[in-house]
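Chemist: Here's a structure for you.
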Protein chains: 2
Amino acid sequence: MIHDSKGTVYMIPIPIAEGELQSLSHEVTTYTGQITHYFVENIRTARRFIRSLHATLVIDSLHFSEIDKHTGPDIPLLRKWLKEGHAIGIMSEAGCPGIADPGAELVSIAQGMGANVVPLVGPNSLILALMASGLNGQSFCFAGYIPVKDPQRMKRIKELEAISQRDNQTQLFIETPYRNDHLLADLVKHCSGKTRLCIAQNITAPGGYVKTKTITEWSKAIPAMGKVPAVFLLLG
Amino acid sequence: MIHDSKGTVYMIPIPIAEGELQSLSHEVTTYTGQITHYFVENIRTARRFIRSLHATLVIDSLHFSEIDKHTGPDIPLLRKWLKEGHAIGIMSEAGCPGIADPGAELVSIAQGMGANVVPLVGPNSLILALMASGLNGQSFCFAGYIPVKDPQRMKRIKELEAISQRDNQTQLFIETPYRNDHLLADLVKHCSGKTRLCIAQNITAPGGYVKTKTITEWSKAIPAMGKVPAVFLLLG
């Protein structure tokens with residue numbers, strides 16, 4: 001075994017819906033009061049978030065490294081901080097870090113160095129949607145984004161529906177928000193009337209909702225989703 | 001659209017590791033101070049949990065319906081409570097309800113009645129393990145339990161490894177705790193040396209850990225897992 005680290009990495013969730021501190025766990029407040037070194041997607045929002053939890057903390061004494069959108073995280077700095085034995089926080093722009101963001105690369109390095117990695121509890125739109133969907137939570141799959149163009153798009157939708165039917169496995173996927181309405185129209189067009197579709201939108205925010213209906217039911221009154229982040233769940 | 005309900009269902013997480021209230025979100029405390037009607041897996045633990053959050057609440061004034069292990073939840077009672085417009089909480093024995101427990105059946109009925117279903121934030125061992133694994137969080141699949149006996153067991157392990165390789169998709173699965181050590185031995189035996197395996201055990205509890213290594217690395221020092229709940233994550 002490799003033990004090249006004395007430091008610990010903490011995976012720190014932040015709210016999905018801005019300012020919804022109620023959706024955070026108590027341990028996030030505890031740890032952000034103690035952690036001194038951070039890798040974050042955006043320093044300004046990270047500082048503002050920590051400030052919202054700790055009114056009197058001296059934020060200028062903390063160390064921040066911003067994960068560059070193009071070149072990725074500063075890996076040598078992570079190695080240095082871990083060897084020095086620091087408590088290191090990783091934060092993304094929304095929700096749980098490491099699920100679908102550059103944080104995973106840092107974790108992979110930290111794991112390779114034998115560092116402890118501690119995940120803290122917070123909001124994740126996929127799990128929240130699944131909990132409230134009533135669909136199968138004993139077997140599920142997150143498929144990421146749906147292809148933008150036909151015929152790949154149609155093919156992928158039919159494929160996910162077929163897998164969900166064959167394995168009784170809930171299929172979760174997402175879409176770039178401005179294409180939500182387009183995706184919903186395509187799902188109604190291509191899926192069987194009996195297939196159940198759950199839409200979770202603006203979850204944890206006021207006005208957020210999680211609704212499960214059959215494709216036939218959705219087709220009778222297709223809602224205008226707009227450009228608000230959504231999770232789609234399908235079970236044929 | 002069907003609107004046969006004025007009530008709201010709240011999906012209420014409880015700690016995975018007993019007594020670890022730090023892992024709960026603030027909103028769980030808020031809502032359990034207001035909800036009057038509950039469906040729970042075990043009334044005694046539910047009462048104790050609510051008491052731990054609200055020292056002065058009169059618990060005898062709350063209504064509990066226990067989900068029967070054999071006959072399932074009392075669906076007519078759920079319909080009645082929803083029509084009467086109550087705030088209804090659903091709690092499982094550990095973690096987030098509705099993911100792999102009888103709560104999902106209640107949610108499915110509530111969704112069918114057009115009720116609001118609100119998921120609250122709390123600990124989920126799958127997401128926590130994935131966050132800290134450093135494995136791919138952009139595409140992942142929860143496969144539930146692995147078959148107990150060969151040749152189905154070996155076949156399923158090799159199948160999950162092949163899917164993870166083909167689709168760069170993290171495969172998550174669980175095992176009955178007393179078979180953890182057996183499963184780890186079989187994974188080391190059947191998977192390629194380069195495949196990465198993450199073990200998350202006793203997550204959110206003191207002494208809990210999430211470790212990712214290659215099969216070759218694990219094989220050099222196979223840990224004794226014992227009968228403690230674990231999540232396995234694999235990426236070939």
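Please note that chains go A, B, ... in the order of the structure tokens, that every chain numbers its residues from 1, and that ligands are numbered from 1 in the order shown.
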Show me which bits of chain A are within 7 Å of chain B, counting only C-alpha atoms, as a PyMOL selection string.
Modeler: chain A and resi 1+11+22-27+97-100+104-105+107-108+111+117-119+121-123+128+130-135+137-144+210-212+217
Chemist: Would you mind exporting the chosen residues as a PDB file, in the first residue's frame, restricted to C-alpha atoms?
Modeler:
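Result file selection_34.pdb:
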```
ATOM      1  CA  MET A   1       0.000   0.000   0.000  1.00  0.00           C
ATOM      2  CA  MET A  11     -15.706  16.641  -0.233  1.00  0.00           C
ATOM      3  CA  GLN A  22     -31.339  24.501   4.914  1.00  0.00           C
ATOM      4  CA  SER A  23     -30.397  21.793   2.416  1.00  0.00           C
ATOM      5  CA  LEU A  24     -26.891  21.437   3.880  1.00  0.00           C
ATOM      6  CA  SER A  25     -25.895  18.992   6.586  1.00  0.00           C
ATOM      7  CA  HIS A  26     -24.734  20.155   9.978  1.00  0.00           C
ATOM      8  CA  GLU A  27     -21.299  18.615   9.318  1.00  0.00           C
ATOM      9  CA  PRO A  97     -18.427  17.650  -5.653  1.00  0.00           C
ATOM     10  CA  GLY A  98     -16.826  14.721  -7.473  1.00  0.00           C
ATOM     11  CA  ILE A  99     -20.030  13.483  -9.084  1.00  0.00           C
ATOM     12  CA  ALA A 100     -19.909  15.313 -12.403  1.00  0.00           C
ATOM     13  CA  ALA A 104     -13.068  13.794  -9.320  1.00  0.00           C
ATOM     14  CA  GLU A 105      -9.579  14.197 -10.806  1.00  0.00           C
ATOM     15  CA  VAL A 107      -9.879  12.764  -5.578  1.00  0.00           C
ATOM     16  CA  SER A 108      -8.318  10.216  -7.891  1.00  0.00           C
ATOM     17  CA  GLN A 111      -6.706   8.182  -3.423  1.00  0.00           C
ATOM     18  CA  VAL A 117     -11.045  11.208   1.536  1.00  0.00           C
ATOM     19  CA  VAL A 118     -14.131  12.118   3.563  1.00  0.00           C
ATOM     20  CA  PRO A 119     -17.432  12.831   1.775  1.00  0.00           C
ATOM     21  CA  VAL A 121     -23.576  14.974   3.226  1.00  0.00           C
ATOM     22  CA  GLY A 122     -25.381  17.454   1.004  1.00  0.00           C
ATOM     23  CA  PRO A 123     -27.849  17.880  -1.830  1.00  0.00           C
ATOM     24  CA  LEU A 128     -33.322  13.554  -4.442  1.00  0.00           C
ATOM     25  CA  LEU A 130     -34.995   9.245  -7.358  1.00  0.00           C
ATOM     26  CA  MET A 131     -36.269   9.340  -3.736  1.00  0.00           C
ATOM     27  CA  ALA A 132     -39.358  11.297  -4.741  1.00  0.00           C
ATOM     28  CA  SER A 133     -40.017   9.584  -8.080  1.00  0.00           C
ATOM     29  CA  GLY A 134     -41.521   6.340  -6.781  1.00  0.00           C
ATOM     30  CA  LEU A 135     -39.527   4.553  -9.502  1.00  0.00           C
ATOM     31  CA  GLY A 137     -34.367   2.668  -6.483  1.00  0.00           C
ATOM     32  CA  GLN A 138     -32.957  -0.869  -6.194  1.00  0.00           C
ATOM     33  CA  SER A 139     -31.503  -0.676  -9.671  1.00  0.00           C
ATOM     34  CA  PHE A 140     -30.766   2.590 -11.460  1.00  0.00           C
ATOM     35  CA  CYS A 141     -28.366   4.125 -13.900  1.00  0.00           C
ATOM     36  CA  PHE A 142     -27.217   7.697 -14.529  1.00  0.00           C
ATOM     37  CA  ALA A 143     -26.600   8.057 -18.245  1.00  0.00           C
ATOM     38  CA  GLY A 144     -25.458  11.702 -18.322  1.00  0.00           C
ATOM     39  CA  VAL A 210     -40.763  16.076  -8.740  1.00  0.00           C
ATOM     40  CA  LYS A 211     -43.609  14.611 -10.826  1.00  0.00           C
ATOM     41  CA  THR A 212     -44.035  11.090 -12.172  1.00  0.00           C
ATOM     42  CA  GLU A 217     -50.550  11.405 -19.100  1.00  0.00           C
TER      43      GLU A 217
END
```
Chemist: As an NGL selection string, please: every residue in stretch 35-160 of chain B that a backbone DSSP assignment puts in strand (DSSP E).
Modeler: :B and (37-40 or 63-66 or 87-91 or 116-119 or 140-145)
Chemist: Measure the distance from atom CA of A:Leu233 to atom CA of A:Val148 in Å and round it to one decimal.
Modeler: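 Between atom CA of A:Leu233 and atom CA of A:Val148 the gap works out to 17.7 Å.
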Chemist: Name the residues of stretch 27-210 of chain A that come out as helix (DSSP H, G or I) in a backbone DSSP run; write them as an MDAnalysis selection string.
Modeler: chainID A and resid 27:32 43:53 59:61 75:83 103:112 125:133 152:167 177:190
